[in-house]
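In what follows, a single structure is set out as C-alpha coordinates and then discussed.
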Protein chains: 2
Amino acid sequence: MKADAVRGHLDGLLLAVLETGPLHGYAIITAVMNRSGGALELRTGTIYPALKRLERLGLLTSSWESIGERRRRCYRLTDEGRRSLAGERAEWRQFTAAIGAVLNPGSNA
Amino acid sequence: MKADAVRGHLDGLLLAVLETGPLHGYAIITAVMNRSGGALELRTGTIYPALKRLERLGLLTSSWESIGERRRRCYRLTDEGRRSLAGERAEWRQFTAAIGAVLNPGSNA
DNA sequence: CACCAATAGGTTGGCAGGCAATATATACCC
DNA sequence: GGGTATATATTGCCTGCCAACCTATTGGTG
(Lines give C-alpha, C1' and ligand atoms only; values in the text may rest on other atoms or scores of the structure.)
Protein backbone atom coordinates (compact mmCIF):
# COMPACT_ATOMS: atom_id res chain seq x y z
CA MET A 1 0.00 0.00 0.00
CA LYS A 2 1.46 3.32 -1.07
CA ALA A 3 2.13 5.89 1.60
CA ASP A 4 -0.49 8.60 1.85
CA ALA A 5 -3.17 6.08 0.94
CA VAL A 6 -5.57 6.94 3.74
CA ARG A 7 -5.55 10.61 2.79
CA GLY A 8 -9.07 11.94 3.07
CA HIS A 9 -10.39 8.80 4.75
CA LEU A 10 -8.53 8.87 8.02
CA ASP A 11 -11.35 10.32 10.11
CA GLY A 12 -13.67 7.52 9.08
CA LEU A 13 -11.11 4.89 10.01
CA LEU A 14 -10.57 6.37 13.45
CA LEU A 15 -14.28 6.71 14.15
CA ALA A 16 -14.93 3.18 12.87
CA VAL A 17 -12.48 1.41 15.17
CA LEU A 18 -13.87 3.34 18.13
CA GLU A 19 -17.43 2.31 17.35
CA THR A 20 -17.36 -0.89 19.39
CA GLY A 21 -15.77 0.71 22.42
CA PRO A 22 -13.12 3.15 23.65
CA LEU A 23 -9.48 2.61 22.72
CA HIS A 24 -6.20 4.43 23.34
CA GLY A 25 -3.95 5.67 20.54
CA TYR A 26 -1.60 2.74 20.29
CA ALA A 27 -4.51 0.30 20.30
CA ILE A 28 -6.15 2.29 17.50
CA ILE A 29 -3.05 1.80 15.34
CA THR A 30 -3.02 -1.95 15.91
CA ALA A 31 -6.80 -2.18 15.45
CA VAL A 32 -6.60 -0.47 12.05
CA MET A 33 -3.68 -2.68 11.08
CA ASN A 34 -5.43 -5.88 12.12
CA ARG A 35 -8.75 -5.04 10.52
CA SER A 36 -7.04 -4.18 7.25
CA GLY A 37 -5.04 -7.38 7.26
CA GLY A 38 -1.80 -5.48 7.76
CA ALA A 39 -2.33 -3.19 4.79
CA LEU A 40 -2.75 0.03 6.76
CA GLU A 41 0.06 1.00 9.12
CA LEU A 42 -0.78 4.39 10.58
CA ARG A 43 1.95 6.49 12.21
CA THR A 44 1.74 8.38 15.42
CA GLY A 45 2.34 11.61 13.53
CA THR A 46 -0.79 10.74 11.62
CA ILE A 47 -3.26 9.75 14.29
CA TYR A 48 -2.45 11.93 17.32
CA PRO A 49 -3.04 15.23 15.55
CA ALA A 50 -6.13 13.69 13.92
CA LEU A 51 -7.56 12.49 17.23
CA LYS A 52 -6.97 15.93 18.69
CA ARG A 53 -8.82 17.48 15.77
CA LEU A 54 -11.74 15.07 16.08
CA GLU A 55 -11.98 15.82 19.77
CA ARG A 56 -11.99 19.54 19.06
CA LEU A 57 -14.83 18.92 16.61
CA GLY A 58 -16.80 17.15 19.31
CA LEU A 59 -16.73 13.73 17.66
CA LEU A 60 -14.60 12.20 20.41
CA THR A 61 -13.88 12.67 24.08
CA SER A 62 -10.71 11.53 25.79
CA SER A 63 -9.58 10.78 29.31
CA TRP A 64 -6.40 9.58 30.97
CA GLU A 65 -6.28 6.08 32.28
CA SER A 66 -3.57 4.71 34.56
CA ILE A 67 -2.30 1.15 34.55
CA GLY A 68 0.19 1.29 37.43
CA GLU A 69 2.87 3.75 36.37
CA ARG A 70 1.59 3.56 32.81
CA ARG A 71 -0.67 6.19 31.33
CA ARG A 72 -2.99 5.98 28.40
CA ARG A 73 -5.26 8.50 26.79
CA CYS A 74 -8.51 6.76 26.08
CA TYR A 75 -10.75 7.98 23.26
CA ARG A 76 -14.47 7.32 22.97
CA LEU A 77 -17.10 8.23 20.40
CA THR A 78 -19.68 10.87 21.18
CA ASP A 79 -23.20 10.75 19.72
CA GLU A 80 -22.06 13.37 17.27
CA GLY A 81 -19.16 11.09 16.39
CA ARG A 82 -21.55 8.25 15.69
CA ARG A 83 -23.57 10.43 13.35
CA SER A 84 -20.39 11.54 11.65
CA LEU A 85 -19.32 7.92 11.19
CA ALA A 86 -22.58 7.19 9.41
CA GLY A 87 -21.85 10.14 7.14
CA GLU A 88 -18.32 8.93 6.47
CA ARG A 89 -19.68 5.53 5.48
CA ALA A 90 -22.17 7.08 3.09
CA GLU A 91 -19.43 9.21 1.56
CA TRP A 92 -17.21 6.16 1.21
CA ARG A 93 -19.91 4.33 -0.73
CA GLN A 94 -20.37 7.28 -3.06
CA PHE A 95 -16.65 7.70 -3.47
CA THR A 96 -15.93 4.07 -4.34
CA ALA A 97 -18.94 3.98 -6.66
CA ALA A 98 -17.75 7.07 -8.51
CA ILE A 99 -14.10 6.08 -8.90
CA GLY A 100 -15.03 2.45 -9.55
CA ALA A 101 -17.41 3.44 -12.32
CA VAL A 102 -14.66 5.32 -14.12
CA LEU A 103 -11.94 2.76 -13.48
CA ASN A 104 -13.99 -0.33 -14.26
CA PRO A 105 -16.94 0.74 -16.42
CA GLY A 106 -19.56 -1.89 -17.05
CA SER A 107 -18.62 -3.88 -13.98
CA ASN A 108 -21.42 -2.28 -11.99
CA ALA A 109 -19.43 -2.99 -8.89
CA MET B 1 -18.41 14.79 -3.61
CA LYS B 2 -15.87 16.82 -1.67
CA ALA B 3 -13.13 18.55 -3.58
CA ASP B 4 -9.80 16.75 -3.44
CA ALA B 5 -11.60 13.42 -3.56
CA VAL B 6 -9.65 11.95 -6.43
CA ARG B 7 -6.37 12.58 -4.67
CA GLY B 8 -4.09 9.61 -5.27
CA HIS B 9 -6.38 8.05 -7.87
CA LEU B 10 -6.25 10.59 -10.66
CA ASP B 11 -3.74 8.75 -12.83
CA GLY B 12 -5.93 5.67 -12.89
CA LEU B 13 -8.96 7.71 -13.92
CA LEU B 14 -7.13 9.35 -16.79
CA LEU B 15 -5.66 6.10 -18.04
CA ALA B 16 -9.04 4.37 -17.75
CA VAL B 17 -10.98 6.80 -19.92
CA LEU B 18 -8.25 6.64 -22.55
CA GLU B 19 -8.38 2.86 -22.68
CA THR B 20 -11.07 2.66 -25.35
CA GLY B 21 -9.48 5.25 -27.59
CA PRO B 22 -7.70 8.62 -27.75
CA LEU B 23 -9.36 11.71 -26.31
CA HIS B 24 -8.47 15.37 -25.91
CA GLY B 25 -8.37 17.12 -22.54
CA TYR B 26 -11.82 18.61 -22.52
CA ALA B 27 -13.33 15.29 -23.60
CA ILE B 28 -11.49 13.56 -20.78
CA ILE B 29 -13.17 15.85 -18.26
CA THR B 30 -16.63 15.14 -19.65
CA ALA B 31 -15.89 11.42 -19.95
CA VAL B 32 -14.92 11.20 -16.28
CA MET B 33 -17.98 13.22 -15.31
CA ASN B 34 -20.33 11.07 -17.35
CA ARG B 35 -18.92 7.74 -16.24
CA SER B 36 -19.12 8.80 -12.61
CA GLY B 37 -22.70 9.96 -12.98
CA GLY B 38 -21.71 13.57 -12.44
CA ALA B 39 -19.90 12.89 -9.17
CA LEU B 40 -16.40 13.71 -10.39
CA GLU B 41 -15.83 17.13 -11.93
CA LEU B 42 -12.15 17.46 -12.70
CA ARG B 43 -10.64 20.92 -13.28
CA THR B 44 -8.23 21.90 -15.99
CA GLY B 45 -5.67 22.77 -13.32
CA THR B 46 -5.98 19.16 -12.26
CA ILE B 47 -5.76 17.24 -15.51
CA TYR B 48 -3.39 19.20 -17.74
CA PRO B 49 -0.41 19.00 -15.42
CA ALA B 50 -1.31 15.35 -14.76
CA LEU B 51 -1.48 14.49 -18.46
CA LYS B 52 1.85 16.18 -18.98
CA ARG B 53 3.32 14.12 -16.16
CA LEU B 54 1.90 10.88 -17.54
CA GLU B 55 3.32 11.69 -20.94
CA ARG B 56 6.73 12.37 -19.41
CA LEU B 57 6.48 8.96 -17.72
CA GLY B 58 5.81 7.32 -21.06
CA LEU B 59 2.27 6.22 -20.25
CA LEU B 60 0.70 8.52 -22.85
CA THR B 61 1.59 10.17 -26.10
CA SER B 62 -0.06 13.31 -27.42
CA SER B 63 -0.46 15.03 -30.78
CA TRP B 64 -2.17 18.15 -32.06
CA GLU B 65 -5.27 17.77 -34.09
CA SER B 66 -6.88 20.57 -36.09
CA ILE B 67 -10.61 20.96 -36.70
CA GLY B 68 -10.66 24.03 -38.94
CA GLU B 69 -9.31 26.88 -36.83
CA ARG B 70 -9.77 24.74 -33.75
CA ARG B 71 -6.91 22.86 -32.17
CA ARG B 72 -6.99 19.93 -29.80
CA ARG B 73 -4.26 18.00 -28.12
CA CYS B 74 -5.13 14.35 -28.41
CA TYR B 75 -3.86 11.86 -25.85
CA ARG B 76 -3.51 8.13 -26.39
CA LEU B 77 -2.36 5.25 -24.19
CA THR B 78 0.99 3.60 -24.79
CA ASP B 79 1.57 -0.08 -24.06
CA GLU B 80 3.32 1.02 -20.91
CA GLY B 81 0.21 3.02 -20.05
CA ARG B 82 -1.94 -0.06 -20.46
CA ARG B 83 0.26 -1.99 -18.11
CA SER B 84 0.16 0.87 -15.64
CA LEU B 85 -3.63 0.93 -15.83
CA ALA B 86 -3.74 -2.74 -14.88
CA GLY B 87 -1.55 -1.88 -11.90
CA GLU B 88 -3.79 1.01 -10.90
CA ARG B 89 -6.79 -1.29 -10.97
CA ALA B 90 -5.06 -3.83 -8.77
CA GLU B 91 -4.06 -1.11 -6.34
CA TRP B 92 -7.62 0.21 -6.30
CA ARG B 93 -8.95 -3.22 -5.34
CA GLN B 94 -6.43 -3.50 -2.50
CA PHE B 95 -7.13 0.02 -1.36
CA THR B 96 -10.90 -0.35 -1.22
CA ALA B 97 -10.56 -3.76 0.44
CA ALA B 98 -8.30 -2.31 3.14
CA ILE B 99 -10.32 0.81 3.93
CA GLY B 100 -13.60 -1.05 3.54
CA ALA B 101 -12.52 -3.73 6.00
CA VAL B 102 -11.82 -1.09 8.65
CA LEU B 103 -14.86 1.03 7.91
CA ASN B 104 -17.36 -1.80 7.58
CA PRO B 105 -15.93 -4.85 9.37
CA GLY B 106 -17.82 -8.08 8.88
CA SER B 107 -19.40 -6.91 5.67
CA ASN B 108 -16.76 -8.75 3.62
CA ALA B 109 -17.46 -6.28 0.82
C1' DC C 1 -24.78 42.67 -34.88
C1' DA C 2 -23.90 42.05 -29.92
C1' DC C 3 -23.62 39.01 -26.41
C1' DC C 4 -23.17 34.78 -24.01
C1' DA C 5 -22.51 29.91 -23.24
C1' DA C 6 -20.05 26.05 -24.58
C1' DT C 7 -15.83 24.26 -26.31
C1' DA C 8 -10.71 24.07 -25.95
C1' DG C 9 -6.08 24.59 -23.79
C1' DG C 10 -3.10 26.35 -20.39
C1' DT C 11 -0.44 28.43 -15.87
C1' DT C 12 0.26 29.87 -11.18
C1' DG C 13 0.07 29.98 -6.19
C1' DG C 14 -1.64 28.07 -2.18
C1' DC C 15 -2.58 24.88 1.26
C1' DA C 16 -4.49 20.71 3.51
C1' DG C 17 -3.02 16.91 5.58
C1' DG C 18 -0.57 12.69 6.15
C1' DC C 19 4.29 11.20 6.85
C1' DA C 20 9.17 10.82 8.41
C1' DA C 21 11.97 11.96 11.95
C1' DT C 22 12.65 12.73 16.50
C1' DA C 23 11.94 12.74 21.52
C1' DT C 24 10.52 10.69 25.96
C1' DA C 25 9.19 7.05 29.24
C1' DT C 26 7.62 2.52 31.19
C1' DA C 27 7.46 -2.67 31.16
C1' DC C 28 9.30 -7.06 30.40
C1' DC C 29 12.40 -10.72 29.09
C1' DC C 30 16.94 -12.66 28.59
C1' DG D 1 22.39 -4.08 30.99
C1' DG D 2 20.33 -4.33 26.44
C1' DG D 3 16.69 -5.04 23.20
C1' DT D 4 11.85 -5.04 22.10
C1' DA D 5 7.15 -3.83 22.80
C1' DT D 6 4.09 -0.51 24.71
C1' DA D 7 2.66 4.35 24.92
C1' DT D 8 2.28 9.50 23.80
C1' DA D 9 3.57 13.55 21.43
C1' DT D 10 5.62 17.39 18.23
C1' DT D 11 7.85 19.38 14.20
C1' DG D 12 8.71 20.32 9.48
C1' DC D 13 8.38 18.74 4.93
C1' DC D 14 6.39 17.54 0.55
C1' DT D 15 2.85 15.90 -2.51
C1' DG D 16 -0.53 16.90 -5.43
C1' DC D 17 -5.03 18.63 -6.29
C1' DC D 18 -7.65 22.84 -6.54
C1' DA D 19 -9.19 27.69 -7.16
C1' DA D 20 -8.47 31.43 -9.84
C1' DC D 21 -7.10 33.27 -13.74
C1' DC D 22 -6.08 33.91 -18.82
C1' DT D 23 -6.72 33.34 -24.06
C1' DA D 24 -9.26 31.90 -28.20
C1' DT D 25 -12.90 29.77 -31.33
C1' DT D 26 -17.67 28.32 -32.31
C1' DG D 27 -22.56 28.56 -32.38
C1' DG D 28 -26.91 30.13 -30.88
C1' DT D 29 -30.31 33.85 -29.42
C1' DG D 30 -32.31 38.18 -29.10
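By convention in this document, the chains of the C-alpha coordinates carry letters A, B, ... by their order, each chain's residues are numbered from 1, and ligands are numbered from 1 in the order they are shown.
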
Handout entry: Spatial neighbours of DT26 of chain C, max dist 8 Å, only C-alpha atoms (C1' of nucleotides), sep filter under 6 positions, as a list in words
Key =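 Listed by chain and then number, they are Glu69 and Arg70 of chain A; DT6 of chain D.
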
Exercise for the section: Fewer than 6 positions away in the same chain doesn't count, so skip those; otherwise give me all residues within 12 Å of DC30 of chain C, counting only C-alpha atoms (C1' of nucleotides), as a PyMOL selection string. Expected result: chain D and resi 1-4

Keeping N, CA and C atoms (P, O5', C5', C4', C3', O3' and C1' of nucleotides) for every residue in the selection just given, could you write it to a file as a JSON list (two decimals), in the first residue's frame?
```
[["chain", "number", "residue", "atom", "x", "y", "z"],
["D", 1, "DG", "P", 23.58, -0.88, 34.03],
["D", 1, "DG", "O5'", 24.66, -1.21, 32.90],
["D", 1, "DG", "C5'", 25.04, -2.60, 32.79],
["D", 1, "DG", "C4'", 24.49, -3.23, 31.53],
["D", 1, "DG", "C3'", 23.84, -2.25, 30.52],
["D", 1, "DG", "O3'", 24.44, -2.49, 29.25],
["D", 1, "DG", "C1'", 22.39, -4.08, 30.99],
["D", 2, "DG", "P", 24.30, -1.50, 28.00],
["D", 2, "DG", "O5'", 23.38, -2.38, 27.03],
["D", 2, "DG", "C5'", 23.75, -3.74, 26.74],
["D", 2, "DG", "C4'", 22.63, -4.41, 25.98],
["D", 2, "DG", "C3'", 21.96, -3.52, 24.93],
["D", 2, "DG", "O3'", 21.72, -4.28, 23.76],
["D", 2, "DG", "C1'", 20.33, -4.33, 26.44],
["D", 3, "DG", "P", 21.52, -3.59, 22.33],
["D", 3, "DG", "O5'", 20.11, -4.20, 21.84],
["D", 3, "DG", "C5'", 19.92, -5.62, 21.89],
["D", 3, "DG", "C4'", 18.45, -5.96, 21.97],
["D", 3, "DG", "C3'", 17.57, -5.14, 21.00],
["D", 3, "DG", "O3'", 16.74, -6.04, 20.29],
["D", 3, "DG", "C1'", 16.69, -5.04, 23.20],
["D", 4, "DT", "P", 15.99, -5.57, 18.95],
["D", 4, "DT", "O5'", 14.45, -5.74, 19.35],
["D", 4, "DT", "C5'", 14.02, -6.93, 20.00],
["D", 4, "DT", "C4'", 12.69, -6.69, 20.72],
["D", 4, "DT", "C3'", 11.69, -5.88, 19.90],
["D", 4, "DT", "O3'", 10.48, -6.61, 19.80],
["D", 4, "DT", "C1'", 11.85, -5.04, 22.10]]
```

Completion exercise
Among A:Leu10, A:Asn34, A:Val17, A:Gly68, Ala50 of chain A is approached most closely, using only C-alpha atoms, by A:Leu10

Problem - All strand (DSSP E or B) residues (DSSP, backbone) inside chain A, as an NGL selection string - result: :A and (23-24 or 60-67 or 70-77)

Practice task
Please return, as a ChimeraX atom specification, all residues of chain B lying within 9 Å of chain C when only C-alpha atoms (C1' of nucleotides) are considered.
Solution key: /B:24-26,44-45,48,70-73

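Near Lys52 of chain B, within 12 Å and counting only C-alpha atoms (C1' of nucleotides), sit B:Asp11, B:Leu14, B:Gly25, B:Thr44, B:Gly45, B:Thr46, B:Ile47, B:Tyr48, B:Pro49, B:Glu55, B:Arg56, B:Leu57, B:Gly58, B:Leu59, B:Leu60, B:Thr61, B:Ser62, B:Arg73, B:Cys74, B:Tyr75, C:DG10; same-chain residues fewer than 3 positions away were not included.
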
Mind writing the picked residues with N, CA and C atoms (P, O5', C5', C4', C3', O3' and C1' of nucleotides) as an mmCIF file, in the first residue's frame?
```
data_model
loop_
_atom_site.group_PDB
_atom_site.id
_atom_site.type_symbol
_atom_site.label_atom_id
_atom_site.label_comp_id
_atom_site.auth_asym_id
_atom_site.auth_seq_id
_atom_site.Cartn_x
_atom_site.Cartn_y
_atom_site.Cartn_z
ATOM 1 N N ASP B 11 -4.417 9.400 -11.713
ATOM 2 C CA ASP B 11 -3.743 8.754 -12.833
ATOM 3 C C ASP B 11 -4.566 7.597 -13.378
ATOM 4 N N LEU B 14 -7.525 8.857 -15.477
ATOM 5 C CA LEU B 14 -7.128 9.351 -16.795
ATOM 6 C C LEU B 14 -6.799 8.195 -17.728
ATOM 7 N N GLY B 25 -8.195 16.740 -23.939
ATOM 8 C CA GLY B 25 -8.373 17.122 -22.541
ATOM 9 C C GLY B 25 -9.799 17.397 -22.120
ATOM 10 N N THR B 44 -9.348 21.889 -15.039
ATOM 11 C CA THR B 44 -8.231 21.900 -15.990
ATOM 12 C C THR B 44 -6.901 21.962 -15.235
ATOM 13 N N GLY B 45 -6.885 22.684 -14.128
ATOM 14 C CA GLY B 45 -5.671 22.767 -13.316
ATOM 15 C C GLY B 45 -5.296 21.428 -12.707
ATOM 16 N N THR B 46 -6.239 20.505 -12.766
ATOM 17 C CA THR B 46 -5.978 19.157 -12.264
ATOM 18 C C THR B 46 -5.438 18.261 -13.369
ATOM 19 N N ILE B 47 -6.132 18.246 -14.509
ATOM 20 C CA ILE B 47 -5.763 17.238 -15.510
ATOM 21 C C ILE B 47 -4.588 17.615 -16.415
ATOM 22 N N TYR B 48 -4.465 18.881 -16.799
ATOM 23 C CA TYR B 48 -3.392 19.203 -17.741
ATOM 24 C C TYR B 48 -2.005 18.932 -17.170
ATOM 25 N N PRO B 49 -1.713 19.364 -15.978
ATOM 26 C CA PRO B 49 -0.405 18.996 -15.420
ATOM 27 C C PRO B 49 -0.263 17.484 -15.268
ATOM 28 N N GLU B 55 2.614 11.767 -19.666
ATOM 29 C CA GLU B 55 3.324 11.688 -20.943
ATOM 30 C C GLU B 55 4.826 11.591 -20.692
ATOM 31 N N ARG B 56 5.305 12.387 -19.736
ATOM 32 C CA ARG B 56 6.726 12.368 -19.413
ATOM 33 C C ARG B 56 7.144 10.989 -18.920
ATOM 34 N N LEU B 57 6.199 10.302 -18.237
ATOM 35 C CA LEU B 57 6.484 8.960 -17.724
ATOM 36 C C LEU B 57 6.372 7.883 -18.798
ATOM 37 N N GLY B 58 5.906 8.294 -19.968
ATOM 38 C CA GLY B 58 5.808 7.321 -21.064
ATOM 39 C C GLY B 58 4.523 6.520 -21.075
ATOM 40 N N LEU B 59 3.531 6.960 -20.290
ATOM 41 C CA LEU B 59 2.269 6.220 -20.246
ATOM 42 C C LEU B 59 1.280 6.717 -21.301
ATOM 43 N N LEU B 60 1.545 7.912 -21.814
ATOM 44 C CA LEU B 60 0.702 8.517 -22.846
ATOM 45 C C LEU B 60 1.584 9.117 -23.937
ATOM 46 N N THR B 61 0.982 9.292 -25.101
ATOM 47 C CA THR B 61 1.589 10.168 -26.105
ATOM 48 C C THR B 61 0.513 11.164 -26.506
ATOM 49 N N SER B 62 0.931 12.317 -27.021
ATOM 50 C CA SER B 62 -0.059 13.309 -27.423
ATOM 51 C C SER B 62 0.307 13.895 -28.778
ATOM 52 N N ARG B 73 -5.390 18.892 -28.371
ATOM 53 C CA ARG B 73 -4.261 18.001 -28.116
ATOM 54 C C ARG B 73 -4.844 16.645 -27.750
ATOM 55 N N CYS B 74 -4.533 15.664 -28.559
ATOM 56 C CA CYS B 74 -5.131 14.352 -28.407
ATOM 57 C C CYS B 74 -4.176 13.399 -27.693
ATOM 58 N N TYR B 75 -4.691 12.755 -26.658
ATOM 59 C CA TYR B 75 -3.861 11.860 -25.848
ATOM 60 C C TYR B 75 -4.247 10.409 -26.113
ATOM 61 P P DG C 10 -2.445 22.169 -23.963
ATOM 62 O "O5'" DG C 10 -2.210 23.159 -22.738
ATOM 63 C "C5'" DG C 10 -1.601 24.406 -23.044
ATOM 64 C "C4'" DG C 10 -1.777 25.376 -21.922
ATOM 65 C "C3'" DG C 10 -1.146 24.979 -20.589
ATOM 66 O "O3'" DG C 10 0.247 25.290 -20.629
ATOM 67 C "C1'" DG C 10 -3.105 26.354 -20.388
#
```
